[in-house]
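**Student:** Before anything else, here's the structure in question.
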Amino acid sequence: MSTLKAVRGTRDLLPPETALWNRIEETARRVFARYNFGEIRTPVFEDTALFARGVGEETDIVSKEMYTWEDRARAASEKSQSLTLRPENTAGVVRAYIEHKLGETGQLQKLYYIGPQFRRERPQKGRYRQFSQIGAEVIGPPSSGSESPLRDAEVLEMLATLLDELGITGWTLNINSVGSSADRARYNEVLRAALKDVAPKMCVDCQRRAVTNPLRVLDCKVPEDQPYIEALPKISDSLDEESKKHFAAVTAALDAAGVPYVRNHRLVRGLDYYTRTTFEFTHGGLGAQNALLGGGRYDGLSEAIGGPKAPGIGFAIGEDRLVLTLLAQETAAAAKVDAFLAPLGEELNPAALALARELRRAGLSAELGDGSFRLKKSFEAADKTARRIVILGEDELASGILTVKDFATGTQTKVPRAELAEFLRKSSGE
RNA sequence: GCGGCUAUAGUUCAGCGGCAGAACGCCUGACUGUGGCUCAGGAUGUCGUGGGUUCGAUCCCCACUAGCCGCCCCA
């Protein structure tokens with residue numbers, strides 16, 4: 001019988017890497033809280049129609065990457081229903097916003113989420129079929145200020161802060177405005193017309209894109225095509241006055257806050273619901289999937305799925321890519337426990353458990369050796385997992401004076417049992 | 001979904017149509033309550049899965065699966 005394995009595009013996360021995941025999530029929660037975001041948890045699967053209407057029927061995500069199944073009726077009173085594992089979380093959050101009438105509060109809603117998403121793509125570095133996103137949405141009725149360019153700038157400033165606090169160095173913020181959907185449609189035609197003459201001189205991919213999806217030409221990475229692309233009309237020239245003003249206000253606020261960014265006229269990627277501000281934080285060393293996070297404004301999304309007017313802006317961080325970046329960046333020293341308890345002889349095992357209980361209840365982390373180990377083996381095991389070793393032999397048990405050796409300094413100390421927790425805590429610098 | 005590369009020990013990888021290898025890691029001893037260094041010894045394993053060619057396949061061929069790289073798309 002063949003052995004069972006994690007299915008393609010999914011994987012197990014094991015220690016010590018999971019410690020990094022936890023650190024990232026804790027940092028994100030801490031930073032989000034400072035900006036007054038609250039956590040929202042939406043279901044992992046939703047009605048298929050939500051994504052079709054929200055993300056866009058024509059996007060690759062919806063047309064070929066979703067895990068969709070027919071949830072069949074089990075009783076005459078039930079109807080079967082098409083369900084889909086969420087490929088992203090914004091649509092779910094907006095659905096919940098509408099369902100719970102959060103707009104009726106009149107308050108701006110600032111919501112964040114952390115959780116798995118699912119897309120049936122070919123797996124690659126930084127791209128998995130089950131992947132985790134950390135995202136947030138700022139959404140509300142126009143009267144709550146949800147449409148303000150200040151919200152865009154605040155979100156971008158928060159992301160810059162988050163990446164800095166995570167210790168990600170060398171990120172780049174690319175921003176652009178794709179305007180209203182009418183602006184985008186207009187630009188599409190302008191681009192298509194401009195490409196008629198130029199495309200034949202470009203790569204085969206671009207020749208195809210010029211016809212099927214002109215905006216994608218802007219993503220082309222072929223060096224020879226770059227001069228042609230630079231000469232194409234820019235989307236900024238197709239924006240209406242209001243969108244131009246909005247974008248200028250976003251960049252003005254970023255300038256004032258000192259958040260560095262690059263105006264990238266070629267950043268047009270995104271799902272159907274994006275309007276006006278779009279952005280992406282990229283990082284070298286991620287290969288083809290160099291986007292750490294992406295997002296933008298979606299002023300028409302709520303209405304597209306049957307809700308009230310509720311402009312918003314949000315982003316999604318690829319948590320898997322964050323982990324890859326941090327792993328490549330640092331030689332994460334494995335965290336070590338405060339003490340390793342080494343009982344000398346199996347008859348001392350019970351006493352060792354009792355001592356471990358004392359330390360752990362005092363809030364210290366401890367690993368428990370075994371009395372069958374020879375002292376040398378205890379030392380070797382201890383040095384790998386702990387900062388210090390606490391020796392518990394007959395003498396120590398009888399006298400109540402324990403022997404503690406610190407691996408970093410090599411110093412050995414006799415410590416009365418009653419003072420042990422305090423001693424360990426102090427010499428940990430806590 | 002398309003193209004390319006890869007799959008051998010816990011890990012990183014070498015290898016050859018004829019008994020399965022190195023380094024690191026692991027275990028044991030020198031060393032019975034003091035580790036890291038050293039020395040001596042030991043175990044690593046369905047050579048990804050299934051088929052084919054062959055006297056004989058880990059090696060050659062085919063298929064499948066998985067990973068990586070690129071395309072597509074996206075986080």
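Every chain in the structure tokens has a letter given in the order shown (A, B, ...), and although residue numbers restart at 1 in each chain, ligands are simply numbered from 1 in the order shown.
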I need the alpha helix (DSSP H) residues of segment 111-215 of chain A per DSSP on the backbone, written as a PyMOL selection string.

**Tutor:** chain A and resi 149-166+181-198+204-212

**Student:** Write down, as a list in words, each residue of chain B that has any atom within 8 Å of an atom of chain A, counting only C-alpha atoms (C1' of nucleotides).

**Tutor:**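 Within 8 Å of chain A on chain B, we get G33, U34, G35, U49, A66, C68, C73 and A75 of chain B.
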
**Student:** Report the residues of segment 114-322 of chain A whose backbone DSSP state falls under strand (DSSP E), written as a PyMOL selection string.

**Tutor:** chain A and resi 114-118+130-139+172-177+262-263+275-282+291-297+312-318

**Student:** The selected residues should be written to file as a tab-separated table (two decimals), in the first residue's frame (atoms: N, CA and C atoms).

**Tutor:**
```tsv
chain	number	residue	atom	x	y	z
A	114	ILE	N	-6.66	36.52	9.73
A	114	ILE	CA	-5.48	35.68	9.48
A	114	ILE	C	-6.01	34.29	9.21
A	115	GLY	N	-5.72	33.73	8.06
A	115	GLY	CA	-6.26	32.40	7.84
A	115	GLY	C	-5.92	31.81	6.49
A	116	PRO	N	-6.26	30.54	6.32
A	116	PRO	CA	-5.93	29.82	5.09
A	116	PRO	C	-6.84	30.19	3.92
A	117	GLN	N	-6.27	30.21	2.74
A	117	GLN	CA	-7.01	30.46	1.50
A	117	GLN	C	-6.63	29.33	0.55
A	118	PHE	N	-7.45	29.14	-0.48
A	118	PHE	CA	-7.25	27.97	-1.35
A	118	PHE	C	-7.36	28.33	-2.82
A	130	GLN	N	-2.92	25.53	-0.56
A	130	GLN	CA	-3.45	26.11	0.67
A	130	GLN	C	-2.37	27.06	1.17
A	131	PHE	N	-2.73	28.32	1.30
A	131	PHE	CA	-1.75	29.30	1.75
A	131	PHE	C	-2.44	30.22	2.75
A	132	SER	N	-1.63	30.94	3.50
A	132	SER	CA	-2.21	31.77	4.55
A	132	SER	C	-2.06	33.24	4.22
A	133	GLN	N	-3.13	33.95	4.42
A	133	GLN	CA	-3.06	35.40	4.22
A	133	GLN	C	-3.37	36.12	5.52
A	134	ILE	N	-2.64	37.22	5.72
A	134	ILE	CA	-2.95	38.15	6.80
A	134	ILE	C	-3.46	39.39	6.09
A	135	GLY	N	-4.69	39.77	6.35
A	135	GLY	CA	-5.24	40.90	5.62
A	135	GLY	C	-6.07	41.80	6.50
A	136	ALA	N	-6.43	42.93	5.97
A	136	ALA	CA	-7.27	43.86	6.71
A	136	ALA	C	-8.10	44.67	5.73
A	137	GLU	N	-9.24	45.12	6.21
A	137	GLU	CA	-10.14	45.92	5.39
A	137	GLU	C	-10.60	47.12	6.19
A	138	VAL	N	-10.66	48.26	5.53
A	138	VAL	CA	-11.26	49.45	6.12
A	138	VAL	C	-12.47	49.77	5.25
A	139	ILE	N	-13.64	49.68	5.83
A	139	ILE	CA	-14.85	49.80	5.03
A	139	ILE	C	-15.95	50.47	5.84
A	172	THR	N	9.94	47.17	-1.12
A	172	THR	CA	9.60	48.31	-1.97
A	172	THR	C	8.10	48.43	-2.06
A	173	LEU	N	7.59	49.64	-1.83
A	173	LEU	CA	6.17	49.89	-1.98
A	173	LEU	C	5.90	50.48	-3.36
A	174	ASN	N	5.15	49.75	-4.17
A	174	ASN	CA	4.74	50.25	-5.48
A	174	ASN	C	3.29	50.68	-5.38
A	175	ILE	N	2.99	51.88	-5.83
A	175	ILE	CA	1.59	52.30	-5.83
A	175	ILE	C	1.20	52.90	-7.18
A	176	ASN	N	-0.08	52.84	-7.43
A	176	ASN	CA	-0.62	53.37	-8.66
A	176	ASN	C	-2.11	53.61	-8.44
A	177	SER	N	-2.73	54.25	-9.39
A	177	SER	CA	-4.19	54.38	-9.34
A	177	SER	C	-4.75	53.83	-10.63
A	262	VAL	N	7.21	53.99	-4.55
A	262	VAL	CA	7.55	54.18	-5.96
A	262	VAL	C	6.25	54.27	-6.73
A	263	ARG	N	6.08	55.34	-7.50
A	263	ARG	CA	4.90	55.44	-8.36
A	263	ARG	C	5.15	54.52	-9.54
A	275	THR	N	-10.43	49.57	-7.48
A	275	THR	CA	-10.63	50.89	-8.06
A	275	THR	C	-9.61	51.83	-7.43
A	276	ARG	N	-9.30	52.88	-8.15
A	276	ARG	CA	-8.37	53.89	-7.64
A	276	ARG	C	-7.07	53.28	-7.13
A	277	THR	N	-6.74	53.54	-5.85
A	277	THR	CA	-5.43	53.14	-5.34
A	277	THR	C	-5.20	51.62	-5.40
A	278	THR	N	-4.11	51.22	-6.03
A	278	THR	CA	-3.68	49.83	-5.93
A	278	THR	C	-2.22	49.86	-5.50
A	279	PHE	N	-1.80	48.82	-4.79
A	279	PHE	CA	-0.42	48.82	-4.31
A	279	PHE	C	0.09	47.41	-4.13
A	280	GLU	N	1.38	47.33	-3.94
A	280	GLU	CA	2.05	46.05	-3.81
A	280	GLU	C	3.35	46.31	-3.07
A	281	PHE	N	3.66	45.49	-2.10
A	281	PHE	CA	4.98	45.55	-1.48
A	281	PHE	C	5.75	44.36	-2.04
A	282	THR	N	6.89	44.63	-2.64
A	282	THR	CA	7.67	43.54	-3.22
A	282	THR	C	8.98	43.37	-2.46
A	291	ALA	N	5.82	39.37	-4.93
A	291	ALA	CA	4.90	40.21	-4.18
A	291	ALA	C	4.68	39.65	-2.78
A	292	LEU	N	5.07	40.45	-1.79
A	292	LEU	CA	4.86	40.05	-0.40
A	292	LEU	C	3.41	40.27	-0.02
A	293	LEU	N	2.84	41.32	-0.57
A	293	LEU	CA	1.45	41.63	-0.26
A	293	LEU	C	0.91	42.53	-1.34
A	294	GLY	N	-0.38	42.54	-1.47
A	294	GLY	CA	-1.00	43.40	-2.47
A	294	GLY	C	-2.36	43.85	-1.98
A	295	GLY	N	-2.83	44.92	-2.55
A	295	GLY	CA	-4.14	45.38	-2.14
A	295	GLY	C	-4.57	46.60	-2.90
A	296	GLY	N	-5.66	47.18	-2.46
A	296	GLY	CA	-6.16	48.36	-3.12
A	296	GLY	C	-7.55	48.73	-2.64
A	297	ARG	N	-8.07	49.73	-3.27
A	297	ARG	CA	-9.38	50.24	-2.93
A	297	ARG	C	-10.44	49.49	-3.74
A	312	GLY	N	-14.20	50.97	0.34
A	312	GLY	CA	-13.24	50.38	1.27
A	312	GLY	C	-11.88	50.23	0.64
A	313	ILE	N	-10.93	49.93	1.51
A	313	ILE	CA	-9.57	49.64	1.03
A	313	ILE	C	-9.01	48.53	1.90
A	314	GLY	N	-8.25	47.65	1.28
A	314	GLY	CA	-7.72	46.53	2.04
A	314	GLY	C	-6.49	45.94	1.38
A	315	PHE	N	-5.95	44.93	2.03
A	315	PHE	CA	-4.75	44.29	1.49
A	315	PHE	C	-4.72	42.85	1.98
A	316	ALA	N	-3.88	42.06	1.35
A	316	ALA	CA	-3.64	40.70	1.82
A	316	ALA	C	-2.15	40.45	1.75
A	317	ILE	N	-1.62	39.97	2.86
A	317	ILE	CA	-0.20	39.63	2.92
A	317	ILE	C	-0.08	38.13	2.70
A	318	GLY	N	0.83	37.72	1.84
A	318	GLY	CA	1.10	36.30	1.68
A	318	GLY	C	1.99	35.86	2.84
```

**Student:** Kindly indicate which residue among B:A40, B:C24, B:C55, B:C69 lies nearest to G4 of chain B, using only C-alpha atoms (C1' of nucleotides) for the distances.

**Tutor:** B:C69

**Student:** Need to verify the contact set: segment 9-20 of chain B, 12 Å, only C-alpha atoms (C1' of nucleotides), exclusion of same-chain residues closer than 4 positions in sequence. Can you return it as a PyMOL selection string?

**Tutor:** chain B and resi 24-26+43-45+47+53-60

**Student:** Determine, counting only C-alpha atoms (C1' of nucleotides), which protein, DNA and RNA residues have an atom within 10 Å of an atom of segment 244-256 of chain A; residues of the same chain fewer than 2 positions away are not included. Present the result as a PyMOL selection string.

**Tutor:** chain A and resi 147-154+156-157+175-179+236-242+258-263+276-278

**Student:** Take atom CA of Leu163 of chain A and atom CA of Ala335 of chain A and report the distance between them in Å, one decimal.

**Tutor:**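 Interatomic distance here is 21.9 Å.
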
**Student:** Applying 9 Å and only C-alpha atoms (C1' of nucleotides), which residues near Ser181 of chain A remain after dropping the ones on its own chain fewer than 4 positions away? List them as JSON, numbers by chain.

**Tutor:** {"A": [185, 186, 272, 273, 274, 275, 276]}

**Student:** Tell me, as a PyMOL selection string, which residues lie within 7 Å of segment 209-216 of chain A, counting only C-alpha atoms (C1' of nucleotides); anything in the same chain fewer than 2 positions away does not count.

**Tutor:** chain A and resi 188+191-192+195+199+205-207+218-219+268
